[in-house]
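First the structure, in the form of structure tokens, and then the observations on it.
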Amino acid sequence: MTSSLDTLPKIGAPATRALQGAGYTALRQLAGVPEADLAKLHRMGPKALGILQAALEEHGLSFG
């Protein structure tokens with residue numbers, strides 16, 4: 001399954017809301033962002049971070 005860079009992958013509603021609240025609405029916006037910064041967002045857990053990392057890696061990208 002290939003994710004789109006223009007949307008966020010399915011990571012659960014609370015984590016999605018946390019990203020949207022921080023201004024992230026597309027996967028491409030997360031490339032280069034330090035994982036530690038994302039982990040500090042309320043309701044962003046290790047499972048969601050793993051899904052996001054895998055989605056980024058599908059496109060040859062990663063967290064900062």
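Quick note on naming: the chains in the structure tokens go A, B, ... in the order shown, residues restart at 1 in each chain, and ligands are numbered from 1 in order of appearance.
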All alpha helix (DSSP H) residues (DSSP, backbone) inside chain A, as a CSV table (one decimal) with N, CA, C and O atoms, in the first residue's frame:
chain,number,residue,atom,x,y,z
A,13,ALA,N,-7.8,9.0,14.9
A,13,ALA,CA,-8.4,10.3,15.0
A,13,ALA,C,-7.6,11.3,15.9
A,13,ALA,O,-7.3,12.4,15.6
A,14,PRO,N,-7.3,10.8,17.2
A,14,PRO,CA,-6.6,11.7,18.1
A,14,PRO,C,-5.3,12.2,17.6
A,14,PRO,O,-4.9,13.4,17.6
A,15,ALA,N,-4.5,11.3,17.0
A,15,ALA,CA,-3.2,11.7,16.4
A,15,ALA,C,-3.3,12.5,15.2
A,15,ALA,O,-2.6,13.5,15.0
A,16,THR,N,-4.3,12.3,14.4
A,16,THR,CA,-4.6,13.1,13.2
A,16,THR,C,-4.9,14.5,13.6
A,16,THR,O,-4.4,15.5,13.1
A,17,ARG,N,-5.8,14.6,14.7
A,17,ARG,CA,-6.2,16.0,15.2
A,17,ARG,C,-5.0,16.7,15.7
A,17,ARG,O,-4.8,17.9,15.6
A,18,ALA,N,-4.1,15.9,16.4
A,18,ALA,CA,-2.9,16.6,17.0
A,18,ALA,C,-2.0,17.2,15.8
A,18,ALA,O,-1.5,18.3,16.0
A,19,LEU,N,-1.8,16.4,14.8
A,19,LEU,CA,-1.1,16.9,13.6
A,19,LEU,C,-1.7,18.1,13.0
A,19,LEU,O,-1.1,19.1,12.7
A,20,GLN,N,-3.0,18.0,12.8
A,20,GLN,CA,-3.7,19.1,12.1
A,20,GLN,C,-3.7,20.4,13.0
A,20,GLN,O,-3.6,21.5,12.5
A,21,GLY,N,-3.8,20.2,14.3
A,21,GLY,CA,-3.7,21.3,15.2
A,21,GLY,C,-2.4,22.0,15.2
A,21,GLY,O,-2.3,23.2,15.5
A,35,GLU,N,11.5,13.9,14.8
A,35,GLU,CA,10.5,13.0,15.4
A,35,GLU,C,10.2,13.4,16.8
A,35,GLU,O,9.1,13.3,17.3
A,36,ALA,N,11.2,13.9,17.6
A,36,ALA,CA,11.0,14.3,19.0
A,36,ALA,C,10.0,15.4,19.1
A,36,ALA,O,9.2,15.4,20.0
A,37,ASP,N,10.0,16.3,18.1
A,37,ASP,CA,9.0,17.4,18.1
A,37,ASP,C,7.6,16.8,17.9
A,37,ASP,O,6.6,17.3,18.6
A,38,LEU,N,7.4,15.9,17.0
A,38,LEU,CA,6.1,15.3,16.8
A,38,LEU,C,5.7,14.5,18.0
A,38,LEU,O,4.5,14.4,18.4
A,39,ALA,N,6.6,13.8,18.7
A,39,ALA,CA,6.3,13.0,19.8
A,39,ALA,C,5.8,13.8,21.0
A,39,ALA,O,5.1,13.3,21.8
A,46,PRO,N,3.7,6.3,19.9
A,46,PRO,CA,4.7,5.5,19.2
A,46,PRO,C,4.2,4.8,18.0
A,46,PRO,O,4.8,4.7,16.9
A,47,LYS,N,2.9,4.3,18.1
A,47,LYS,CA,2.3,3.6,17.0
A,47,LYS,C,2.1,4.5,15.8
A,47,LYS,O,2.4,4.2,14.7
A,48,ALA,N,1.5,5.7,16.1
A,48,ALA,CA,1.3,6.7,15.0
A,48,ALA,C,2.6,7.1,14.4
A,48,ALA,O,2.7,7.3,13.2
A,49,LEU,N,3.6,7.4,15.2
A,49,LEU,CA,4.9,7.8,14.7
A,49,LEU,C,5.5,6.7,13.8
A,49,LEU,O,6.1,7.0,12.7
A,50,GLY,N,5.3,5.5,14.1
A,50,GLY,CA,5.8,4.4,13.3
A,50,GLY,C,5.1,4.3,12.0
A,50,GLY,O,5.7,4.1,10.9
A,51,ILE,N,3.8,4.5,12.0
A,51,ILE,CA,3.0,4.5,10.7
A,51,ILE,C,3.5,5.7,9.8
A,51,ILE,O,3.7,5.5,8.6
A,52,LEU,N,3.7,6.8,10.5
A,52,LEU,CA,4.1,8.0,9.7
A,52,LEU,C,5.5,7.8,9.1
A,52,LEU,O,5.8,8.1,7.9
A,53,GLN,N,6.4,7.2,9.9
A,53,GLN,CA,7.8,7.0,9.4
A,53,GLN,C,7.7,6.0,8.2
A,53,GLN,O,8.4,6.2,7.2
A,54,ALA,N,6.9,4.9,8.3
A,54,ALA,CA,6.8,4.0,7.3
A,54,ALA,C,6.3,4.6,6.0
A,54,ALA,O,6.8,4.3,4.9
A,55,ALA,N,5.3,5.5,6.2
A,55,ALA,CA,4.7,6.2,5.0
A,55,ALA,C,5.7,7.1,4.4
A,55,ALA,O,5.8,7.2,3.1
A,56,LEU,N,6.5,7.8,5.2
A,56,LEU,CA,7.6,8.6,4.6
A,56,LEU,C,8.6,7.8,3.9
A,56,LEU,O,9.0,8.2,2.8
A,57,GLU,N,9.0,6.7,4.4
A,57,GLU,CA,10.0,5.8,3.8
A,57,GLU,C,9.6,5.3,2.5
A,57,GLU,O,10.4,5.1,1.6
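The space separating atom CA of His59 of chain A from atom CA of His42 of chain A comes to 26.4 Å.
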Pick out the closest residue to Ser4 of chain A from this set: A:Glu58, A:Gly64, A:Lys40, A:Pro34. Count only C-alpha atoms.
A:Glu58
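Using only C-alpha atoms, the smallest distance between any of A:Leu41, A:Leu61, A:Ala22, A:Leu30 and Thr7 of chain A comes from A:Leu30.
Candidate residues A:Phe63, A:Thr2, A:Arg43, A:Pro9 were compared for distance to Ala26 of chain A, and the nearest is A:Pro9, using only C-alpha atoms.
Relative to atom CA of Thr25 of chain A, atom CA of Lys10 of chain A is found at 12.2 Å.
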